[in-house]
>>> print(open('model.txt').read())   # compact mmCIF, C-alpha atoms
# COMPACT_ATOMS: atom_id res chain seq x y z
CA MET A 1 -54.87 -51.21 -16.81
CA ASP A 2 -57.84 -53.05 -18.29
CA VAL A 3 -59.15 -50.68 -20.94
CA LYS A 4 -60.93 -51.62 -24.15
CA VAL A 5 -60.03 -48.69 -26.42
CA SER A 6 -57.08 -46.33 -26.61
CA VAL A 7 -58.06 -42.97 -28.10
CA ILE A 8 -55.01 -41.48 -29.84
CA ILE A 9 -55.15 -37.76 -30.64
CA PRO A 10 -52.23 -36.21 -32.54
CA VAL A 11 -52.08 -32.43 -32.10
CA LEU A 12 -50.16 -29.41 -33.33
CA ASN A 13 -51.25 -26.19 -31.58
CA CYS A 14 -54.99 -25.38 -31.69
CA TRP A 15 -55.35 -25.89 -27.93
CA ALA A 16 -58.96 -24.68 -27.92
CA LEU A 17 -59.86 -27.51 -30.32
CA THR A 18 -58.00 -30.11 -28.28
CA GLN A 19 -59.68 -28.87 -25.12
CA SER A 20 -63.14 -29.17 -26.66
CA CYS A 21 -62.30 -32.61 -28.06
CA LEU A 22 -61.21 -33.87 -24.63
CA LEU A 23 -64.25 -32.36 -22.90
CA ALA A 24 -66.55 -34.05 -25.42
CA LEU A 25 -64.81 -37.39 -24.88
CA ALA A 26 -65.12 -37.02 -21.12
CA GLY A 27 -68.74 -36.00 -21.37
CA VAL A 28 -69.79 -39.14 -23.21
CA ALA A 29 -67.33 -41.36 -21.33
CA SER A 30 -69.66 -41.17 -18.34
CA GLY A 31 -72.02 -43.41 -20.27
CA LEU A 32 -69.35 -46.06 -20.89
CA PRO A 33 -68.25 -48.86 -18.57
CA ALA A 34 -65.70 -47.66 -16.01
CA GLY A 35 -62.25 -47.55 -17.52
CA ALA A 36 -63.49 -48.35 -21.03
CA ILE A 37 -61.13 -45.89 -22.70
CA GLU A 38 -57.73 -44.39 -22.18
CA VAL A 39 -56.67 -41.20 -23.95
CA LEU A 40 -53.24 -40.45 -25.38
CA VAL A 41 -52.48 -36.99 -26.76
CA VAL A 42 -49.35 -36.90 -28.93
CA ASP A 43 -48.16 -33.31 -29.14
CA ASN A 44 -46.11 -32.49 -32.24
CA ALA A 45 -44.13 -29.68 -30.57
CA SER A 46 -47.00 -27.23 -30.08
CA THR A 47 -45.99 -23.66 -29.31
CA ASP A 48 -49.34 -22.44 -27.96
CA ALA A 49 -50.94 -23.27 -24.60
CA THR A 50 -51.03 -27.01 -25.26
CA PRO A 51 -47.83 -27.89 -23.31
CA GLN A 52 -49.00 -25.92 -20.27
CA GLU A 53 -52.65 -27.03 -20.25
CA CYS A 54 -53.09 -30.43 -21.83
CA ALA A 55 -51.64 -32.80 -19.23
CA THR A 56 -53.46 -31.11 -16.36
CA LEU A 57 -56.85 -31.16 -18.06
CA GLY A 58 -56.39 -34.67 -19.42
CA GLU A 59 -55.52 -36.16 -16.04
CA ALA A 60 -58.44 -34.35 -14.42
CA LEU A 61 -60.86 -35.72 -17.02
CA PHE A 62 -59.39 -39.23 -17.29
CA PRO A 63 -57.58 -39.91 -14.00
CA GLY A 64 -55.05 -42.70 -14.37
CA ARG A 65 -56.05 -43.19 -18.00
CA PHE A 66 -54.40 -40.23 -19.71
CA SER A 67 -50.99 -39.81 -21.33
CA TYR A 68 -49.47 -36.63 -22.72
CA LEU A 69 -46.66 -37.51 -25.13
CA ARG A 70 -44.75 -34.34 -25.91
CA GLN A 71 -42.46 -34.43 -28.96
CA PRO A 72 -39.47 -32.10 -29.31
CA VAL A 73 -40.18 -31.55 -33.02
CA ASN A 74 -43.19 -31.84 -35.33
CA ARG A 75 -43.17 -35.45 -36.49
CA ASN A 76 -46.36 -35.07 -38.55
CA PHE A 77 -49.53 -37.16 -38.44
CA ALA A 78 -48.48 -40.75 -39.18
CA PRO A 79 -45.41 -40.84 -36.88
CA ALA A 80 -47.43 -39.25 -34.07
CA CYS A 81 -50.21 -41.82 -34.46
CA ASN A 82 -47.69 -44.64 -34.56
CA LEU A 83 -46.02 -43.37 -31.40
CA GLY A 84 -49.40 -43.32 -29.66
CA ALA A 85 -50.18 -46.84 -30.89
CA ARG A 86 -46.91 -48.17 -29.46
CA ALA A 87 -47.66 -46.56 -26.11
CA ALA A 88 -51.29 -47.76 -25.99
CA CYS A 89 -52.30 -50.68 -23.82
CA SER A 90 -55.75 -51.68 -25.09
CA GLU A 91 -57.28 -54.12 -27.53
CA TYR A 92 -58.46 -51.42 -29.95
CA LEU A 93 -57.00 -48.15 -31.19
CA PHE A 94 -59.20 -45.19 -32.06
CA PHE A 95 -57.35 -42.50 -33.99
CA LEU A 96 -59.13 -39.20 -33.56
CA ASN A 97 -58.43 -35.69 -34.87
CA ASN A 98 -58.51 -32.92 -32.29
CA ASP A 99 -60.99 -30.94 -34.43
CA THR A 100 -63.73 -33.49 -33.70
CA ARG A 101 -66.56 -33.84 -31.20
CA VAL A 102 -67.80 -37.33 -30.34
CA THR A 103 -71.51 -37.71 -29.61
CA PRO A 104 -73.29 -40.02 -27.14
CA GLY A 105 -73.24 -43.64 -28.23
CA TRP A 106 -70.23 -43.24 -30.53
CA LEU A 107 -68.19 -46.20 -29.29
CA ALA A 108 -70.49 -49.22 -28.91
CA PRO A 109 -71.54 -49.45 -32.60
CA LEU A 110 -67.91 -49.25 -33.71
CA LEU A 111 -66.88 -52.07 -31.41
CA LYS A 112 -69.92 -54.12 -32.39
CA ALA A 113 -68.88 -53.92 -36.04
CA PHE A 114 -65.94 -56.18 -35.25
CA THR A 115 -68.25 -58.91 -33.95
CA GLY A 116 -70.07 -59.17 -37.28
CA GLN A 117 -69.36 -61.55 -40.10
CA GLY A 118 -66.36 -61.18 -42.37
CA LYS A 119 -62.88 -59.88 -41.77
CA LEU A 120 -62.95 -56.24 -40.72
CA GLY A 121 -59.71 -54.33 -40.38
CA ALA A 122 -60.94 -50.81 -39.67
CA CYS A 123 -64.17 -48.90 -39.28
CA GLY A 124 -65.25 -45.32 -38.85
CA PRO A 125 -68.32 -43.34 -37.78
CA THR A 126 -70.42 -40.93 -39.75
CA LEU A 127 -68.40 -37.72 -39.72
CA LEU A 128 -70.54 -34.60 -40.01
CA TYR A 129 -69.84 -30.95 -40.64
CA PRO A 130 -71.71 -29.10 -37.86
CA GLU A 131 -72.55 -26.61 -40.59
CA PHE A 132 -71.68 -26.50 -44.26
CA SER A 133 -72.60 -23.54 -46.43
CA GLY A 134 -75.39 -22.54 -44.08
CA PHE A 135 -76.86 -26.06 -43.90
CA ALA A 136 -76.65 -28.04 -40.65
CA ASP A 137 -75.46 -31.63 -40.20
CA ARG A 138 -73.94 -32.37 -43.57
CA VAL A 139 -71.72 -35.36 -44.31
CA GLN A 140 -67.99 -34.81 -44.19
CA HIS A 141 -67.08 -38.50 -44.50
CA VAL A 142 -68.73 -41.89 -44.55
CA GLY A 143 -66.12 -43.72 -46.60
CA ILE A 144 -63.56 -43.38 -49.37
CA CYS A 145 -64.35 -44.42 -52.94
CA PHE A 146 -62.20 -44.06 -56.03
CA GLU A 147 -63.19 -42.17 -59.15
CA PRO A 148 -62.93 -43.89 -62.55
CA GLN A 149 -59.50 -42.26 -62.96
CA PHE A 150 -58.42 -43.73 -59.57
CA TYR A 151 -58.57 -40.50 -57.50
CA PRO A 152 -59.91 -40.93 -53.92
CA VAL A 153 -63.15 -39.15 -53.05
CA HIS A 154 -65.33 -38.84 -49.95
CA ILE A 155 -68.51 -40.39 -51.30
CA PHE A 156 -71.79 -38.64 -50.38
CA GLU A 157 -69.94 -35.64 -48.94
CA ALA A 158 -72.32 -32.73 -48.20
CA PHE A 159 -75.37 -35.02 -48.18
CA PRO A 160 -77.82 -34.43 -45.28
CA ALA A 161 -77.19 -36.62 -42.25
CA SER A 162 -80.79 -37.81 -42.55
CA HIS A 163 -80.36 -39.17 -46.10
CA PRO A 164 -80.76 -42.95 -46.66
CA ALA A 165 -77.34 -43.12 -48.32
CA VAL A 166 -75.80 -41.97 -45.04
CA ALA A 167 -77.76 -44.43 -42.92
CA ARG A 168 -76.54 -47.37 -44.97
CA SER A 169 -73.59 -49.37 -43.66
CA ARG A 170 -71.07 -50.11 -46.39
CA ARG A 171 -67.65 -51.60 -46.73
CA TYR A 172 -65.04 -49.45 -48.42
CA GLN A 173 -61.44 -49.74 -49.51
CA ALA A 174 -60.51 -47.14 -46.89
CA VAL A 175 -61.91 -44.83 -44.22
CA THR A 176 -60.41 -41.62 -42.93
CA ALA A 177 -58.06 -41.66 -39.95
CA ALA A 178 -59.79 -38.55 -38.62
CA ALA A 179 -61.88 -41.09 -36.66
CA LEU A 180 -60.79 -44.68 -37.22
CA LEU A 181 -61.08 -47.77 -35.01
CA THR A 182 -58.82 -50.77 -35.59
CA PRO A 183 -57.60 -53.72 -33.53
CA ARG A 184 -54.22 -52.86 -32.04
CA LYS A 185 -52.65 -56.24 -32.78
CA LEU A 186 -53.65 -56.08 -36.44
CA PHE A 187 -52.41 -52.50 -36.75
CA MET A 188 -49.05 -53.43 -35.26
CA ASP A 189 -48.77 -56.64 -37.28
CA ILE A 190 -49.25 -54.93 -40.65
CA GLY A 191 -46.69 -52.22 -39.93
CA LEU A 192 -48.68 -49.22 -38.62
CA PHE A 193 -49.21 -46.07 -40.72
CA ASP A 194 -46.70 -45.55 -43.52
CA GLU A 195 -44.53 -42.63 -42.42
CA ASP A 196 -43.55 -41.69 -45.99
CA PHE A 197 -46.84 -39.78 -46.19
CA ILE A 198 -47.02 -36.24 -44.82
CA ASN A 199 -50.36 -35.43 -43.18
CA GLY A 200 -52.54 -37.10 -45.79
CA GLY A 201 -52.95 -40.35 -47.69
CA GLU A 202 -51.61 -42.62 -44.97
CA ASP A 203 -55.14 -43.71 -44.04
CA ILE A 204 -55.94 -44.58 -47.66
CA GLU A 205 -52.75 -46.59 -48.01
CA LEU A 206 -53.55 -48.37 -44.73
CA GLY A 207 -56.98 -49.34 -46.06
CA ILE A 208 -55.49 -50.66 -49.30
CA ARG A 209 -52.89 -52.62 -47.34
CA LEU A 210 -55.61 -54.10 -45.13
CA GLY A 211 -57.60 -55.00 -48.23
CA ARG A 212 -54.66 -56.87 -49.73
CA LEU A 213 -54.69 -59.07 -46.62
CA GLY A 214 -58.43 -59.67 -46.91
CA PHE A 215 -59.58 -57.11 -44.32
CA ALA A 216 -62.31 -54.63 -45.19
CA SER A 217 -62.90 -51.09 -43.94
CA ALA A 218 -66.43 -50.12 -42.99
CA HIS A 219 -68.68 -47.16 -42.29
CA VAL A 220 -70.75 -47.56 -39.11
CA PRO A 221 -73.68 -45.12 -39.45
CA GLU A 222 -74.94 -45.50 -35.87
CA ALA A 223 -71.78 -43.83 -34.57
CA VAL A 224 -71.68 -40.07 -35.16
CA VAL A 225 -68.77 -37.65 -34.73
CA TYR A 226 -68.71 -33.98 -35.70
CA HIS A 227 -65.65 -32.85 -37.66
CA LEU A 228 -64.62 -29.23 -38.11
CA CYS A 229 -62.12 -30.43 -40.75
CA GLY A 230 -58.73 -29.11 -41.84
CA GLN A 231 -57.97 -26.91 -38.81
CA THR A 232 -54.26 -27.75 -38.48
CA GLN A 233 -51.98 -25.30 -40.27
CA GLY A 234 -50.39 -26.78 -43.40
CA ARG A 235 -52.86 -29.69 -43.51
CA HIS A 236 -53.00 -29.66 -47.34
CA ALA A 237 -49.45 -28.48 -48.04
CA HIS A 238 -48.19 -31.87 -49.22
CA GLU A 239 -50.97 -33.13 -51.47
CA GLU A 240 -48.73 -33.52 -54.52
CA HIS A 241 -46.20 -35.55 -52.53
CA ASN A 242 -48.90 -37.69 -50.93
CA GLY A 243 -50.55 -38.32 -54.29
CA ALA A 244 -47.24 -39.52 -55.69
CA MET A 245 -46.71 -41.77 -52.66
CA LEU A 246 -50.18 -43.27 -53.00
CA LYS A 247 -49.63 -43.94 -56.68
CA GLN A 248 -46.28 -45.54 -56.01
CA LYS A 249 -47.40 -47.71 -53.11
CA ALA A 250 -51.03 -48.59 -53.80
CA LEU A 251 -52.14 -47.87 -57.38
CA PRO A 252 -52.08 -51.49 -58.64
CA HIS A 253 -54.42 -52.48 -55.81
CA ILE A 254 -56.96 -49.64 -56.06
CA VAL A 255 -60.34 -50.53 -57.57
CA PRO A 256 -62.40 -47.62 -58.97
CA ASP A 257 -65.80 -47.94 -57.30
CA MET A 258 -67.41 -44.49 -57.15
CA HIS A 259 -69.78 -45.49 -59.96
CA LEU A 260 -70.77 -48.67 -58.08
CA ALA A 261 -71.61 -46.78 -54.88
CA ALA A 262 -73.67 -44.36 -56.99
CA ARG A 263 -75.62 -47.19 -58.63
CA GLU A 264 -76.36 -48.83 -55.27
CA GLN A 265 -78.13 -45.64 -54.22
CA GLY A 266 -79.94 -45.17 -57.52
CA TYR A 267 -77.62 -42.45 -58.80
CA THR A 268 -75.23 -42.18 -61.70
CA LEU A 269 -72.13 -40.16 -62.53
CA GLU A 270 -71.75 -37.14 -64.76
CA LEU A 271 -68.63 -35.25 -65.78
CA SER A 272 -67.91 -31.59 -65.23
CA LEU A 273 -66.43 -29.31 -67.87
CA PHE A 274 -63.02 -30.42 -66.58
CA ALA A 275 -63.93 -34.12 -66.96
CA ARG A 276 -64.19 -34.79 -63.22
CA PRO A 277 -67.07 -37.01 -62.07
CA PHE A 278 -69.84 -36.07 -59.66
CA LEU A 279 -72.98 -37.85 -58.45
CA ALA A 280 -76.15 -37.09 -60.37
CA LEU A 281 -79.71 -38.27 -60.90
CA PRO A 282 -80.34 -40.58 -63.87
CA GLU A 283 -82.65 -39.04 -66.45
CA ARG A 284 -85.55 -41.34 -65.63
CA ARG A 285 -85.36 -40.61 -61.92
CA LEU A 286 -84.98 -36.89 -62.63
CA GLY A 287 -88.09 -37.01 -64.80
CA LEU A 288 -90.11 -38.63 -62.02
CA LEU A 289 -88.81 -36.14 -59.50
CA ARG A 290 -89.88 -33.17 -61.62
CA ARG A 291 -93.51 -34.26 -61.25
CA HIS A 292 -93.33 -33.58 -57.52
CA VAL A 293 -91.13 -30.51 -57.15
CA PRO A 294 -92.47 -27.82 -54.80
CA ASP A 295 -93.60 -24.31 -55.56
CA PRO A 296 -90.42 -22.33 -56.42
CA ARG A 297 -91.82 -19.44 -54.34
CA ASP A 298 -92.00 -21.59 -51.17
CA GLU A 299 -88.58 -21.37 -49.50
CA ALA A 300 -89.30 -23.89 -46.73
CA ALA A 301 -90.69 -26.42 -49.22
CA LEU A 302 -87.60 -26.08 -51.41
CA GLU A 303 -85.32 -26.61 -48.42
CA ASN A 304 -87.23 -29.71 -47.30
CA PHE A 305 -87.27 -31.15 -50.80
CA LEU A 306 -83.50 -30.72 -51.08
CA LEU A 307 -83.08 -32.59 -47.79
CA LYS A 308 -84.81 -35.56 -49.40
CA GLU A 309 -83.03 -35.23 -52.75
CA PRO A 310 -79.75 -33.34 -52.45
CA LEU A 311 -78.88 -33.96 -56.10
CA TRP A 312 -81.79 -31.91 -57.44
CA PHE A 313 -79.51 -29.16 -58.69
CA ASP A 314 -82.28 -27.01 -60.18
CA GLY A 315 -83.60 -26.71 -56.64
CA TYR A 316 -80.47 -24.95 -55.40
CA ALA A 317 -80.70 -22.43 -58.24
CA GLN A 318 -84.36 -21.79 -57.41
CA LEU A 319 -83.60 -21.46 -53.70
CA ALA A 320 -80.73 -19.07 -54.39
CA ALA A 321 -82.87 -16.94 -56.71
CA LEU A 322 -85.69 -16.76 -54.17
CA ARG A 323 -83.36 -15.81 -51.32
CA ALA A 324 -81.63 -13.17 -53.43
CA GLU A 325 -85.00 -11.70 -54.37
CA LYS A 326 -85.79 -11.40 -50.67
CA GLY A 327 -82.50 -9.57 -50.12
CA ASN A 328 -80.79 -12.54 -48.45
CA LEU A 329 -77.62 -12.55 -50.56
CA GLN A 330 -75.66 -14.65 -48.07
CA GLY A 331 -78.42 -17.26 -48.05
CA ALA A 332 -78.30 -17.29 -51.85
CA ALA A 333 -74.54 -17.79 -51.75
CA ASP A 334 -74.99 -20.61 -49.24
CA ALA A 335 -77.38 -22.44 -51.56
CA LEU A 336 -75.03 -22.07 -54.51
CA GLY A 337 -72.04 -23.03 -52.38
CA LEU A 338 -73.65 -26.33 -51.47
CA SER A 339 -74.66 -26.90 -55.08
CA PHE A 340 -71.09 -26.24 -56.20
CA LYS A 341 -69.76 -28.75 -53.66
CA LEU A 342 -72.04 -31.42 -55.04
CA ARG A 343 -71.65 -30.45 -58.71
CA PRO A 344 -68.61 -28.23 -59.44
CA GLU A 345 -69.88 -26.57 -62.61
CA ILE A 346 -68.57 -23.33 -64.08
CA ASP A 347 -72.00 -21.68 -64.35
CA THR A 348 -72.48 -22.10 -60.60
CA ALA A 349 -68.98 -20.73 -60.03
CA GLY A 350 -69.94 -17.66 -62.05
CA ALA A 351 -73.11 -17.13 -60.02
CA ILE A 352 -71.08 -17.38 -56.80
CA ALA A 353 -68.64 -14.78 -58.12
CA LEU A 354 -71.50 -12.36 -58.83
CA LEU A 355 -72.79 -12.71 -55.28
CA ALA A 356 -69.25 -12.33 -53.92
CA ALA A 357 -68.99 -9.01 -55.74
CA LYS A 358 -72.00 -7.89 -53.71
CA GLY A 359 -70.44 -8.92 -50.40
CA ALA A 360 -71.72 -12.48 -49.94
CA ARG A 361 -69.29 -15.36 -49.58
CA ALA A 362 -69.75 -19.04 -50.41
CA VAL A 363 -67.90 -21.62 -48.32
CA ASN A 364 -65.94 -22.69 -51.42
CA ALA A 365 -65.61 -19.28 -53.07
CA ASN A 366 -61.88 -19.81 -53.63
CA ASP A 367 -62.50 -23.05 -55.52
CA ALA A 368 -65.14 -21.34 -57.62
CA GLN A 369 -62.79 -18.44 -58.38
CA SER A 370 -60.01 -20.87 -59.32
CA MET A 371 -62.32 -22.56 -61.80
CA LEU A 372 -63.29 -19.23 -63.36
CA GLN A 373 -59.63 -18.20 -63.51
CA ALA A 374 -58.73 -21.45 -65.25
CA ALA A 375 -61.41 -20.84 -67.85
CA GLN A 376 -60.29 -17.24 -68.32
CA ASN A 377 -56.67 -18.31 -68.81
CA GLY A 378 -57.69 -20.85 -71.41
CA ILE A 379 -58.75 -24.43 -70.79
CA ASN A 380 -56.38 -27.06 -72.15
CA PHE A 381 -58.99 -28.99 -74.10
CA ASP A 382 -56.34 -31.05 -75.88
CA ALA A 383 -55.23 -32.50 -72.54
CA LEU A 384 -58.83 -33.05 -71.46
CA HIS A 385 -59.57 -34.75 -74.78
CA GLU A 386 -56.61 -37.05 -74.32
CA LYS A 387 -57.72 -37.94 -70.79
CA ALA A 388 -61.36 -38.53 -71.74
CA SER A 389 -60.40 -40.60 -74.78
CA GLY A 390 -57.99 -42.71 -72.78
CA LEU A 391 -60.53 -43.36 -70.05
CA ARG A 392 -63.27 -44.16 -72.56
CA ASN A 393 -61.04 -46.76 -74.18
CA PHE A 394 -59.84 -48.12 -70.83
CA TRP A 395 -63.37 -48.59 -69.50
CA ASP A 396 -64.55 -50.04 -72.80
CA LYS A 397 -62.15 -52.91 -72.13
CA VAL A 398 -62.87 -53.13 -68.40
CA GLU A 399 -66.65 -53.20 -68.58
CA GLU A 400 -66.96 -55.40 -71.67
CA GLY A 401 -70.62 -54.52 -72.11
CA GLU A 402 -71.60 -55.66 -68.59
CA ALA A 403 -72.68 -52.27 -67.25
CA PRO A 404 -76.40 -51.40 -67.16
CA PRO A 405 -77.63 -49.48 -70.22
CA GLY A 406 -76.86 -45.79 -69.91
CA LEU A 407 -74.82 -46.29 -66.75
CA SER A 408 -71.50 -47.50 -68.12
CA VAL A 409 -68.36 -45.57 -67.24
CA ARG A 410 -67.28 -45.90 -70.86
CA ASP A 411 -70.37 -43.96 -71.94
CA LEU A 412 -69.67 -41.32 -69.30
CA TYR A 413 -66.49 -40.28 -71.10
CA ALA A 414 -68.01 -40.80 -74.54
CA LYS A 415 -70.70 -38.25 -73.62
CA TRP A 416 -68.05 -35.74 -72.57
CA LEU A 417 -66.31 -36.21 -75.91
CA ASP A 418 -69.63 -35.61 -77.67
CA LYS A 419 -69.95 -32.31 -75.81
CA GLU A 420 -66.35 -31.30 -76.39
CA ALA A 421 -66.96 -29.21 -79.50
CA GLY A 422 -69.63 -27.22 -77.65
CA TYR A 423 -67.28 -26.69 -74.70
CA ARG A 424 -64.52 -25.48 -76.97
CA SER A 425 -66.77 -22.98 -78.73
CA LYS A 426 -68.14 -21.63 -75.45
CA TYR A 427 -64.93 -21.50 -73.41
>>> encode(input="model.txt", output="structure tokens")
Amino acid sequence: MDVKVSVIIPVLNCWALTQSCLLALAGVASGLPAGAIEVLVVDNASTDATPQECATLGEALFPGRFSYLRQPVNRNFAPACNLGARAACSEYLFFLNNDTRVTPGWLAPLLKAFTGQGKLGACGPTLLYPEFSGFADRVQHVGICFEPQFYPVHIFEAFPASHPAVARSRRYQAVTAAALLTPRKLFMDIGLFDEDFINGGEDIELGIRLGRLGFASAHVPEAVVYHLCGQTQGRHAHEEHNGAMLKQKALPHIVPDMHLAAREQGYTLELSLFARPFLALPERRLGLLRRHVPDPRDEAALENFLLKEPLWFDGYAQLAALRAEKGNLQGAADALGLSFKLRPEIDTAGAIALLAAKGARAVNANDAQSMLQAAQNGINFDALHEKASGLRNFWDKVEEGEAPPGLSVRDLYAKWLDKEAGYRSKY
């Protein structure tokens, strides 16, 4: 069978999602050359309708180019993907979550990326939330960066799909396996996904392993896939284990680069009360922006302005206040929920809690409540001081005065330490 791409979809229950995923693939496949893709569904012992329905639908949609690989037990994500890769017969593998919807034109840009210059080991599309906190077409993933303390982060998450940062093709140390294209031979040669990970982290480790061999991972903005995100039961149940595995297997080869991606887009980093970084506007850029902000009584103008500059945090507060005044408490909670995603600050968490008490619910209300609970139980400022001091000293040695004035990572932690006394007195 002469196919170009094998689409590998690991599943565990959630038949309705798998069905929609397959229908979307078939719908756009009509615009591809005949036989361009084959589809392999690897079923991790589903107990819903998947065993009864999947093979029939798949063969009807992709006649002669569909495989249903039923497993007697749940083997988890990486082993299921690896099984699909071994069974595939094409030049490229496209790992795809079943909670995704491809859009027209998704494949050609991804394949074209491998004809460009430089060694490319993997690439992924723009992954969008269909809706996030009441706002349509928000970024779920364009690439993985690493915070100054080496934690992975989805850079530009919750940005509008129309934002210039999203339209820019970049190379990253890793991209998510929720939608990842890689040459089959390369994937097999480097040892497939590491099966020590349990439903998370294996894609990051793969990217780091590719990087050690000189292969980059890239975001391809012209390809767009919608991602409902985290629909499989127990998806986040092994984060502590996966974090330990990533540290053990990849830490010496991880390069913190969140601050570099921020600078490329004209942003900087700030630290939350809990010393975690988030993207923010530099003071000079914020000052220029304030000269052009819309009338705080004009809801449509506020919404449009936030599409252009999603890091104007005062705008979310103004939008929430205006919506609440109009009696739209859920709309107010939506605005604050998006603000909290972009900048997880305790004051925003408190405002979300007040709206929740009135019946509104933010998309990340549980995270906001956890932050408030942590503050109520007593914040361990001694531990935060130790972390901030250590990172200030570490980055002082790493940067060696080469960072732009006011944008050094060393100064980021120094500023938090300057604010520490105020934090302690307030919380």
>>> closest_atom_pairs(input="model.txt", of="segment 61-160 of chain A", to="segment 331-344 of chain A", cutoff="7 Å", atoms="all atoms listed in the file", output="JSON lines")
{"residue": "A:Ser133", "atom": "CA", "partner": "A:Asp334", "partner_atom": "CA", "distance": 4.7}
{"residue": "A:Gly134", "atom": "CA", "partner": "A:Asp334", "partner_atom": "CA", "distance": 5.5}
{"residue": "A:Ala158", "atom": "CA", "partner": "A:Leu342", "partner_atom": "CA", "distance": 7.0}
>>> closest_residue(input="model.txt", among="A:Asp99, A:Glu205, A:Glu147, A:Asp418", to="Ala178 of chain A", atoms="only C-alpha atoms")
A:Asp99
>>> closest_atom_pairs(input="model.txt", of="segment 319-401 of chain A", to="segment 295-306 of chain A", cutoff="10 Å", atoms="all atoms listed in the file", output="tab-separated table")
residue	atom	partner	partner_atom	distance
A:Leu319	CA	A:Glu299	CA	6.5
A:Ala320	CA	A:Glu299	CA	9.5
A:Ala321	CA	A:Pro296	CA	9.3
A:Leu322	CA	A:Arg297	CA	6.7
A:Arg323	CA	A:Glu299	CA	7.8
A:Ala335	CA	A:Glu303	CA	9.5
>>> atom_distance(input="model.txt", atom1="atom CA of Ser20 of chain A", atom2="atom CA of Leu180 of chain A")
18.9 Å
>>> residues_around(input="model.txt", residues="segment 248-255 of chain A", least_positions_apart="3", cutoff="12 Å", atoms="only C-alpha atoms", output="short mmCIF file (atom, residue, chain, number, x, y, z; two decimals) with C-alpha atoms, in the frame of the given file")
data_model
loop_
_atom_site.label_atom_id
_atom_site.label_comp_id
_atom_site.auth_asym_id
_atom_site.auth_seq_id
_atom_site.Cartn_x
_atom_site.Cartn_y
_atom_site.Cartn_z
CA ILE A 144 -63.56 -43.38 -49.37
CA CYS A 145 -64.35 -44.42 -52.94
CA PHE A 146 -62.20 -44.06 -56.03
CA GLU A 147 -63.19 -42.17 -59.15
CA PRO A 148 -62.93 -43.89 -62.55
CA GLN A 149 -59.50 -42.26 -62.96
CA PHE A 150 -58.42 -43.73 -59.57
CA TYR A 151 -58.57 -40.50 -57.50
CA PRO A 152 -59.91 -40.93 -53.92
CA TYR A 172 -65.04 -49.45 -48.42
CA GLN A 173 -61.44 -49.74 -49.51
CA ALA A 174 -60.51 -47.14 -46.89
CA ASP A 194 -46.70 -45.55 -43.52
CA ASP A 196 -43.55 -41.69 -45.99
CA PHE A 197 -46.84 -39.78 -46.19
CA GLY A 201 -52.95 -40.35 -47.69
CA GLU A 202 -51.61 -42.62 -44.97
CA ASP A 203 -55.14 -43.71 -44.04
CA ILE A 204 -55.94 -44.58 -47.66
CA GLU A 205 -52.75 -46.59 -48.01
CA LEU A 206 -53.55 -48.37 -44.73
CA GLY A 207 -56.98 -49.34 -46.06
CA ILE A 208 -55.49 -50.66 -49.30
CA ARG A 209 -52.89 -52.62 -47.34
CA LEU A 210 -55.61 -54.10 -45.13
CA GLY A 211 -57.60 -55.00 -48.23
CA ARG A 212 -54.66 -56.87 -49.73
CA LEU A 213 -54.69 -59.07 -46.62
CA HIS A 241 -46.20 -35.55 -52.53
CA ASN A 242 -48.90 -37.69 -50.93
CA GLY A 243 -50.55 -38.32 -54.29
CA ALA A 244 -47.24 -39.52 -55.69
CA MET A 245 -46.71 -41.77 -52.66
CA MET A 258 -67.41 -44.49 -57.15
CA HIS A 259 -69.78 -45.49 -59.96
CA LEU A 260 -70.77 -48.67 -58.08
CA VAL A 398 -62.87 -53.13 -68.40
#
>>> atom_distance(input="model.txt", atom1="atom CA of Tyr92 of chain A", atom2="atom CA of Leu181 of chain A")
6.8 Å
>>> atom_distance(input="model.txt", atom1="atom CA of Phe159 of chain A", atom2="atom CA of Ile352 of chain A")
20.1 Å
>>> residues_around(input="model.txt", residues="Phe94 of chain A", least_positions_apart="2", cutoff="7 Å", atoms="all atoms listed in the file", output="JSON, numbers by chain")
{"A": [5, 6, 7, 8, 92, 96, 179, 180, 181, 182]}
>>> residues_around(input="model.txt", residues="Glu53 of chain A", least_positions_apart="2", cutoff="12 Å", atoms="only C-alpha atoms", output="compact mmCIF listing (two decimals) with C-alpha atoms, in the frame of the given file")
# COMPACT_ATOMS: atom_id res chain seq x y z
CA ASN A 13 -51.25 -26.19 -31.58
CA CYS A 14 -54.99 -25.38 -31.69
CA TRP A 15 -55.35 -25.89 -27.93
CA ALA A 16 -58.96 -24.68 -27.92
CA THR A 18 -58.00 -30.11 -28.28
CA GLN A 19 -59.68 -28.87 -25.12
CA LEU A 22 -61.21 -33.87 -24.63
CA VAL A 41 -52.48 -36.99 -26.76
CA ASP A 43 -48.16 -33.31 -29.14
CA SER A 46 -47.00 -27.23 -30.08
CA THR A 47 -45.99 -23.66 -29.31
CA ASP A 48 -49.34 -22.44 -27.96
CA ALA A 49 -50.94 -23.27 -24.60
CA THR A 50 -51.03 -27.01 -25.26
CA PRO A 51 -47.83 -27.89 -23.31
CA ALA A 55 -51.64 -32.80 -19.23
CA THR A 56 -53.46 -31.11 -16.36
CA LEU A 57 -56.85 -31.16 -18.06
CA GLY A 58 -56.39 -34.67 -19.42
CA GLU A 59 -55.52 -36.16 -16.04
CA ALA A 60 -58.44 -34.35 -14.42
CA TYR A 68 -49.47 -36.63 -22.72
>>> residues_near_point(input="model.txt", point="(-70.1, -50.7, -36.2)", cutoff="9 Å", atoms="only C-alpha atoms", output="list in words")
Leu107, Ala108, Pro109, Leu110, Leu111, Lys112, Ala113, Phe114, Thr115, Gly116, Cys123, Gly124, Pro125, Ser169, Ala218, His219, Val220, Pro221, Glu222 and Ala223 of chain A
